[in-house]
Amino acid sequence: MAAPVVRDAIHSAGPAPWRLRLTFGLDLTLLISICALQTVRFTGLILHEWLGLAMVGLVLAHLLLAWSWIATQSRRFLTLQPIRARVNYLLNLCLFGAVTAVIFSGVLISQKAIPALTGRNPAHEMDLRWDGLHNQFSAIVLLLAGFHLAINWEWALAAAQTIFRRFLDRPR
Ligand code: HEM
């Protein structure tokens with residue numbers, strides 16, 4: 001079911017509210033960034049690391065915009081809840097854990113951004129254990145982000161239709 005903010009926007013004739021546009025734009029940026037981070041060759045290592053660090057801000061903003069959902073669902077989790085709501089909550093929790101883990105491991109193997117920020121020389125040899133974990137956490141993030149998108153697909157579709165309605169409704 002679409003969230004109230006999307007439902008209200010769909011039934012109003014005016015432009016999409018700024019909060020909906022902000023949330024949708026942020027989510028799209030997060031999705032594209034996660035895909036772009038999957039191979040270092042696509043961006044180069046410097047951009048990979050800075051984009052990876054920028055994910056901290058993007059994820060925090062995403063959580064802030066979803067805060068009322070997070071607070072409500074956290075309170076309700078221990079009460080009688082439909083299975084879908086529980087699965088969704090646990091999925092989001094795992095996704096948050098996996099994103100934290102991939103950024104943390106990235107910081108530990110950093111060759112460019114962290115040395116530039118701290119003024120220290122990069123390690124001569126990368127810690128292969130953390131490097132391997134970084135890759136594995138990244139694969140988990142990709143998988144869980146796919147499930148996250150699938151479970152919120154109706155919201156994403158309704159938001160896109162609302163935001164791009166002006167272009168879609170234009171007479172040809
Ligand atoms: C959500 C955030 C991130 C994701 C999804 C991600 C994902 C990945 C993936 C999939 C690889 C392997 C790519 C390949 O083999 O071509 C990789 C490599 C790497 N990442 Fe990240 N990364 C993230 C954040 C970071 C951050 C914040 C840093 C450091 C500040 C970082 C540093 C590195 C380094 C140094 C490598 C190269 C490892 C090597 O040469 O074996 N990453 N990352």
# chains A, B, ... in the order shown; residues from 1 in each chain; ligands from 1

$ closest_atom_pairs --of "chain A" --to "ligand 1" --cutoff "8 Å" --atoms "only C-alpha atoms and all ligand atoms" --output "JSON lines"
{"residue": "A:Ser33", "atom": "CA", "partner": "ligand 1", "partner_atom_place_in_ligand_line": "1 (C)", "distance": 7.7}
{"residue": "A:Ile34", "atom": "CA", "partner": "ligand 1", "partner_atom_place_in_ligand_line": "5 (C)", "distance": 5.2}
{"residue": "A:Cys35", "atom": "CA", "partner": "ligand 1", "partner_atom_place_in_ligand_line": "5 (C)", "distance": 7.5}
{"residue": "A:Leu37", "atom": "CA", "partner": "ligand 1", "partner_atom_place_in_ligand_line": "7 (C)", "distance": 4.9}
{"residue": "A:Gln38", "atom": "CA", "partner": "ligand 1", "partner_atom_place_in_ligand_line": "10 (C)", "distance": 3.9}
{"residue": "A:Thr39", "atom": "CA", "partner": "ligand 1", "partner_atom_place_in_ligand_line": "16 (O)", "distance": 3.6}
{"residue": "A:Val40", "atom": "CA", "partner": "ligand 1", "partner_atom_place_in_ligand_line": "16 (O)", "distance": 4.0}
{"residue": "A:Arg41", "atom": "CA", "partner": "ligand 1", "partner_atom_place_in_ligand_line": "16 (O)", "distance": 5.6}
{"residue": "A:Phe42", "atom": "CA", "partner": "ligand 1", "partner_atom_place_in_ligand_line": "16 (O)", "distance": 7.8}
{"residue": "A:Leu45", "atom": "CA", "partner": "ligand 1", "partner_atom_place_in_ligand_line": "34 (C)", "distance": 6.6}
{"residue": "A:His48", "atom": "CA", "partner": "ligand 1", "partner_atom_place_in_ligand_line": "42 (N)", "distance": 6.1}
{"residue": "A:Glu49", "atom": "CA", "partner": "ligand 1", "partner_atom_place_in_ligand_line": "28 (C)", "distance": 4.1}
{"residue": "A:Trp50", "atom": "CA", "partner": "ligand 1", "partner_atom_place_in_ligand_line": "30 (C)", "distance": 6.3}
{"residue": "A:Leu51", "atom": "CA", "partner": "ligand 1", "partner_atom_place_in_ligand_line": "27 (C)", "distance": 7.0}
{"residue": "A:Gly52", "atom": "CA", "partner": "ligand 1", "partner_atom_place_in_ligand_line": "24 (C)", "distance": 3.6}
{"residue": "A:Leu53", "atom": "CA", "partner": "ligand 1", "partner_atom_place_in_ligand_line": "27 (C)", "distance": 4.2}
{"residue": "A:Ala54", "atom": "CA", "partner": "ligand 1", "partner_atom_place_in_ligand_line": "27 (C)", "distance": 7.6}
{"residue": "A:Met55", "atom": "CA", "partner": "ligand 1", "partner_atom_place_in_ligand_line": "1 (C)", "distance": 5.9}
{"residue": "A:Val99", "atom": "CA", "partner": "ligand 1", "partner_atom_place_in_ligand_line": "1 (C)", "distance": 5.6}
{"residue": "A:Thr100", "atom": "CA", "partner": "ligand 1", "partner_atom_place_in_ligand_line": "1 (C)", "distance": 7.9}
{"residue": "A:Val102", "atom": "CA", "partner": "ligand 1", "partner_atom_place_in_ligand_line": "3 (C)", "distance": 5.5}
{"residue": "A:Ile103", "atom": "CA", "partner": "ligand 1", "partner_atom_place_in_ligand_line": "27 (C)", "distance": 4.4}
{"residue": "A:Phe104", "atom": "CA", "partner": "ligand 1", "partner_atom_place_in_ligand_line": "27 (C)", "distance": 6.9}
{"residue": "A:Ser105", "atom": "CA", "partner": "ligand 1", "partner_atom_place_in_ligand_line": "28 (C)", "distance": 7.3}
{"residue": "A:Gly106", "atom": "CA", "partner": "ligand 1", "partner_atom_place_in_ligand_line": "28 (C)", "distance": 3.5}
{"residue": "A:Val107", "atom": "CA", "partner": "ligand 1", "partner_atom_place_in_ligand_line": "30 (C)", "distance": 4.2}
{"residue": "A:Leu108", "atom": "CA", "partner": "ligand 1", "partner_atom_place_in_ligand_line": "29 (C)", "distance": 7.1}
{"residue": "A:Ile109", "atom": "CA", "partner": "ligand 1", "partner_atom_place_in_ligand_line": "35 (C)", "distance": 5.1}
{"residue": "A:Ser110", "atom": "CA", "partner": "ligand 1", "partner_atom_place_in_ligand_line": "35 (C)", "distance": 4.3}
{"residue": "A:Gln111", "atom": "CA", "partner": "ligand 1", "partner_atom_place_in_ligand_line": "35 (C)", "distance": 5.3}
{"residue": "A:Lys112", "atom": "CA", "partner": "ligand 1", "partner_atom_place_in_ligand_line": "30 (C)", "distance": 7.3}
{"residue": "A:Ala113", "atom": "CA", "partner": "ligand 1", "partner_atom_place_in_ligand_line": "30 (C)", "distance": 5.5}
{"residue": "A:Ile114", "atom": "CA", "partner": "ligand 1", "partner_atom_place_in_ligand_line": "30 (C)", "distance": 5.9}
{"residue": "A:Met126", "atom": "CA", "partner": "ligand 1", "partner_atom_place_in_ligand_line": "39 (C)", "distance": 7.7}
{"residue": "A:Leu128", "atom": "CA", "partner": "ligand 1", "partner_atom_place_in_ligand_line": "41 (O)", "distance": 7.7}
{"residue": "A:Asp131", "atom": "CA", "partner": "ligand 1", "partner_atom_place_in_ligand_line": "38 (C)", "distance": 5.7}
{"residue": "A:Gly132", "atom": "CA", "partner": "ligand 1", "partner_atom_place_in_ligand_line": "41 (O)", "distance": 7.8}
{"residue": "A:His134", "atom": "CA", "partner": "ligand 1", "partner_atom_place_in_ligand_line": "43 (N)", "distance": 6.2}
{"residue": "A:Asn135", "atom": "CA", "partner": "ligand 1", "partner_atom_place_in_ligand_line": "10 (C)", "distance": 4.9}
{"residue": "A:Gln136", "atom": "CA", "partner": "ligand 1", "partner_atom_place_in_ligand_line": "10 (C)", "distance": 7.8}
{"residue": "A:Phe137", "atom": "CA", "partner": "ligand 1", "partner_atom_place_in_ligand_line": "5 (C)", "distance": 7.7}
{"residue": "A:Ser138", "atom": "CA", "partner": "ligand 1", "partner_atom_place_in_ligand_line": "5 (C)", "distance": 4.6}
{"residue": "A:Ala139", "atom": "CA", "partner": "ligand 1", "partner_atom_place_in_ligand_line": "10 (C)", "distance": 6.7}
{"residue": "A:Val141", "atom": "CA", "partner": "ligand 1", "partner_atom_place_in_ligand_line": "5 (C)", "distance": 6.7}
{"residue": "A:Leu142", "atom": "CA", "partner": "ligand 1", "partner_atom_place_in_ligand_line": "5 (C)", "distance": 7.4}

$ write_last_selection --atoms "N, CA and C atoms" --output "tab-separated table (two decimals), in the first residue's frame"
chain	number	residue	atom	x	y	z
A	33	SER	N	24.24	4.85	-6.46
A	33	SER	CA	25.55	4.81	-5.81
A	33	SER	C	25.94	3.37	-5.46
A	34	ILE	N	24.99	2.60	-4.92
A	34	ILE	CA	25.29	1.21	-4.55
A	34	ILE	C	25.71	0.42	-5.80
A	35	CYS	N	25.03	0.67	-6.91
A	35	CYS	CA	25.39	-0.03	-8.16
A	35	CYS	C	26.78	0.43	-8.62
A	37	LEU	N	29.22	1.51	-6.92
A	37	LEU	CA	30.28	1.08	-6.00
A	37	LEU	C	30.64	-0.39	-6.17
A	38	GLN	N	29.88	-1.12	-7.01
A	38	GLN	CA	30.12	-2.56	-7.09
A	38	GLN	C	31.42	-2.94	-7.77
A	39	THR	N	31.96	-2.05	-8.60
A	39	THR	CA	33.27	-2.34	-9.19
A	39	THR	C	34.13	-1.09	-9.17
A	40	VAL	N	35.36	-1.25	-8.68
A	40	VAL	CA	36.26	-0.10	-8.57
A	40	VAL	C	36.63	0.43	-9.95
A	41	ARG	N	36.68	-0.48	-10.94
A	41	ARG	CA	37.09	-0.06	-12.29
A	41	ARG	C	36.10	0.95	-12.89
A	42	PHE	N	34.84	0.90	-12.46
A	42	PHE	CA	33.81	1.80	-13.00
A	42	PHE	C	34.08	3.26	-12.62
A	45	LEU	N	39.58	4.24	-7.98
A	45	LEU	CA	39.61	4.03	-6.53
A	45	LEU	C	39.30	5.30	-5.74
A	48	HIS	N	35.65	5.96	-5.81
A	48	HIS	CA	35.01	4.87	-5.08
A	48	HIS	C	35.03	5.16	-3.57
A	49	GLU	N	36.19	5.52	-3.09
A	49	GLU	CA	36.32	5.74	-1.64
A	49	GLU	C	35.52	6.95	-1.16
A	50	TRP	N	35.58	8.07	-1.92
A	50	TRP	CA	34.84	9.26	-1.48
A	50	TRP	C	33.33	9.05	-1.60
A	51	LEU	N	32.91	8.36	-2.66
A	51	LEU	CA	31.48	8.05	-2.79
A	51	LEU	C	31.04	7.12	-1.66
A	52	GLY	N	31.92	6.15	-1.33
A	52	GLY	CA	31.63	5.24	-0.22
A	52	GLY	C	31.45	5.99	1.09
A	53	LEU	N	32.31	7.00	1.32
A	53	LEU	CA	32.20	7.79	2.55
A	53	LEU	C	30.94	8.67	2.51
A	54	ALA	N	30.61	9.18	1.31
A	54	ALA	CA	29.41	10.02	1.18
A	54	ALA	C	28.14	9.23	1.50
A	55	MET	N	28.25	7.89	1.36
A	55	MET	CA	27.10	7.04	1.68
A	55	MET	C	26.66	7.21	3.14
A	99	VAL	N	25.27	-2.24	5.42
A	99	VAL	CA	25.83	-0.98	4.91
A	99	VAL	C	26.90	-0.46	5.88
A	100	THR	N	26.60	-0.54	7.19
A	100	THR	CA	27.57	-0.10	8.20
A	100	THR	C	28.85	-0.93	8.07
A	102	VAL	N	30.02	-2.60	5.43
A	102	VAL	CA	30.79	-2.38	4.19
A	102	VAL	C	31.57	-1.06	4.29
A	103	ILE	N	30.97	-0.05	4.91
A	103	ILE	CA	31.68	1.24	5.04
A	103	ILE	C	32.82	1.10	6.05
A	104	PHE	N	32.55	0.41	7.15
A	104	PHE	CA	33.59	0.21	8.18
A	104	PHE	C	34.79	-0.54	7.60
A	105	SER	N	34.53	-1.64	6.88
A	105	SER	CA	35.63	-2.41	6.30
A	105	SER	C	36.35	-1.60	5.22
A	106	GLY	N	35.57	-0.76	4.48
A	106	GLY	CA	36.17	0.10	3.46
A	106	GLY	C	37.17	1.07	4.08
A	107	VAL	N	36.76	1.64	5.23
A	107	VAL	CA	37.64	2.59	5.93
A	107	VAL	C	38.94	1.88	6.33
A	108	LEU	N	38.82	0.63	6.77
A	108	LEU	CA	40.02	-0.10	7.23
A	108	LEU	C	41.00	-0.44	6.10
A	109	ILE	N	40.49	-0.58	4.87
A	109	ILE	CA	41.39	-0.93	3.76
A	109	ILE	C	41.69	0.30	2.87
A	110	SER	N	41.20	1.47	3.30
A	110	SER	CA	41.32	2.67	2.46
A	110	SER	C	42.77	2.97	2.05
A	111	GLN	N	42.95	3.29	0.77
A	111	GLN	CA	44.28	3.64	0.25
A	111	GLN	C	44.38	5.14	-0.06
A	112	LYS	N	43.23	5.79	-0.24
A	112	LYS	CA	43.23	7.19	-0.72
A	112	LYS	C	42.54	8.14	0.26
A	113	ALA	N	41.25	7.94	0.50
A	113	ALA	CA	40.46	8.95	1.23
A	113	ALA	C	40.88	9.06	2.70
A	114	ILE	N	41.01	7.94	3.39
A	114	ILE	CA	41.35	8.00	4.83
A	114	ILE	C	42.78	8.53	5.01
A	126	MET	N	47.53	-4.25	1.76
A	126	MET	CA	46.14	-4.21	2.21
A	126	MET	C	45.83	-5.45	3.04
A	128	LEU	N	44.11	-8.45	3.66
A	128	LEU	CA	43.29	-9.24	2.73
A	128	LEU	C	42.00	-9.76	3.38
A	131	ASP	N	39.66	-6.93	3.20
A	131	ASP	CA	39.35	-6.74	1.78
A	131	ASP	C	38.28	-7.76	1.35
A	132	GLY	N	38.49	-9.03	1.76
A	132	GLY	CA	37.52	-10.09	1.42
A	132	GLY	C	36.16	-9.80	2.06
A	134	HIS	N	35.00	-6.88	2.92
A	134	HIS	CA	34.44	-5.71	2.24
A	134	HIS	C	33.65	-6.16	1.00
A	135	ASN	N	34.24	-7.08	0.24
A	135	ASN	CA	33.57	-7.61	-0.96
A	135	ASN	C	32.30	-8.37	-0.59
A	136	GLN	N	32.39	-9.19	0.47
A	136	GLN	CA	31.23	-10.00	0.85
A	136	GLN	C	30.08	-9.13	1.39
A	137	PHE	N	30.43	-8.15	2.22
A	137	PHE	CA	29.38	-7.26	2.75
A	137	PHE	C	28.72	-6.50	1.60
A	138	SER	N	29.54	-6.13	0.62
A	138	SER	CA	29.01	-5.38	-0.52
A	138	SER	C	27.99	-6.22	-1.30
A	139	ALA	N	28.29	-7.53	-1.46
A	139	ALA	CA	27.35	-8.41	-2.17
A	139	ALA	C	26.05	-8.53	-1.37
A	141	VAL	N	24.84	-6.23	0.71
A	141	VAL	CA	24.14	-4.94	0.56
A	141	VAL	C	23.34	-4.93	-0.74
A	142	LEU	N	23.99	-5.39	-1.83
A	142	LEU	CA	23.32	-5.38	-3.14
A	142	LEU	C	22.07	-6.26	-3.10

$ closest_atom_pairs --of "segment 17-126 of chain A" --to "segment 155-170 of chain A" --cutoff "9 Å" --atoms "only C-alpha atoms" --output "CSV"
residue,atom,partner,partner_atom,distance
A:Pro17,CA,A:Ile163,CA,8.6
A:Leu20,CA,A:Ala159,CA,7.1
A:Arg21,CA,A:Ile163,CA,6.7
A:Phe24,CA,A:Ala159,CA,7.0

$ write_last_selection --atoms "C-alpha atoms" --output "CSV table (one decimal), in the first residue's frame"
chain,number,residue,atom,x,y,z
A,17,PRO,CA,5.3,17.9,-2.4
A,20,LEU,CA,8.2,13.4,-1.6
A,21,ARG,CA,10.6,14.7,-4.3
A,24,PHE,CA,12.5,9.9,-4.1

$ atom_distance --atom1 "atom CA of Leu80 of chain A" --atom2 "atom CA of Val59 of chain A"
29.1 Å

$ closest_residue --among "A:Leu90, A:Ile32, A:Leu95, A:Leu26" --to "His62 of chain A" --atoms "only C-alpha atoms"
A:Leu26

$ atom_distance --atom1 "atom CA of Ala98 of chain A" --atom2 "atom CA of Leu143 of chain A"
10.3 Å
